[in-house]
Amino acid sequence: MKTHHQKVDFNVFEGMTVQGVATHTLTRGAYAWADGDLRAVRGAGGSI
């Protein structure tokens with residue numbers, strides 16, 4: 001799909017009706033995305 005940002009051709013929400021939009025994304029307790037601002041830090045993801 002043209003709207004996907006992954007290398008897959010499916011979406012887990014396919015066929016579902018949803019409302020709203022994510023405004024914040026957390027990773028390991030830190031903001032990775034907040035109100036349209038990308039705050040991810042290279043290398044901060046790492047492995048467990």
# chains A, B, ... in the order shown; residues from 1 in each chain; ligands from 1
call {"tool": "residues_around", "arguments": {"residues": "A:Leu26", "least_positions_apart": "5", "cutoff": "10 Å", "atoms": "only C-alpha atoms", "output": "list in words"}}
result
Tyr31, Ala32, Trp33, Ala34, Arg39 and Ala40 of chain A
call {"tool": "select_by_dssp", "arguments": {"residues": "stretch 2-45 of chain A", "states": "strand (DSSP E or B)", "output": "PyMOL selection string"}}
result
chain A and resi 24-27+30-34+37-38
call {"tool": "write_last_selection", "arguments": {"atoms": "N, CA and C atoms", "output": "short mmCIF file (atom, residue, chain, number, x, y, z; two decimals), in the first residue's frame"}}
result
data_model
loop_
_atom_site.label_atom_id
_atom_site.label_comp_id
_atom_site.auth_asym_id
_atom_site.auth_seq_id
_atom_site.Cartn_x
_atom_site.Cartn_y
_atom_site.Cartn_z
N HIS A 24 1.32 10.79 20.62
CA HIS A 24 2.58 10.52 21.30
C HIS A 24 2.92 9.04 21.17
N THR A 25 4.21 8.74 21.05
CA THR A 25 4.69 7.37 21.03
C THR A 25 5.85 7.27 22.01
N LEU A 26 5.81 6.26 22.87
CA LEU A 26 6.87 6.04 23.85
C LEU A 26 7.70 4.83 23.46
N THR A 27 8.98 4.87 23.74
CA THR A 27 9.84 3.71 23.61
C THR A 27 10.77 3.69 24.80
N ALA A 30 10.69 6.80 27.03
CA ALA A 30 11.04 8.11 26.49
C ALA A 30 10.19 8.38 25.25
N TYR A 31 9.87 9.64 25.00
CA TYR A 31 9.10 9.99 23.82
C TYR A 31 9.93 9.79 22.56
N ALA A 32 9.35 9.07 21.61
CA ALA A 32 9.98 8.91 20.30
C ALA A 32 9.29 9.85 19.31
N TRP A 33 8.02 10.16 19.58
CA TRP A 33 7.22 11.04 18.71
C TRP A 33 6.26 11.78 19.62
N ALA A 34 6.18 13.08 19.52
CA ALA A 34 5.26 13.85 20.35
C ALA A 34 4.74 15.04 19.55
N ASP A 37 6.49 15.93 16.38
CA ASP A 37 7.93 16.15 16.49
C ASP A 37 8.63 14.82 16.73
N LEU A 38 9.51 14.40 15.80
CA LEU A 38 10.27 13.17 15.95
C LEU A 38 11.38 13.41 16.95
#
call {"tool": "atom_distance", "arguments": {"atom1": "atom CA of A:Asn11", "atom2": "atom CA of A:Thr23"}}
result
19.6 Å
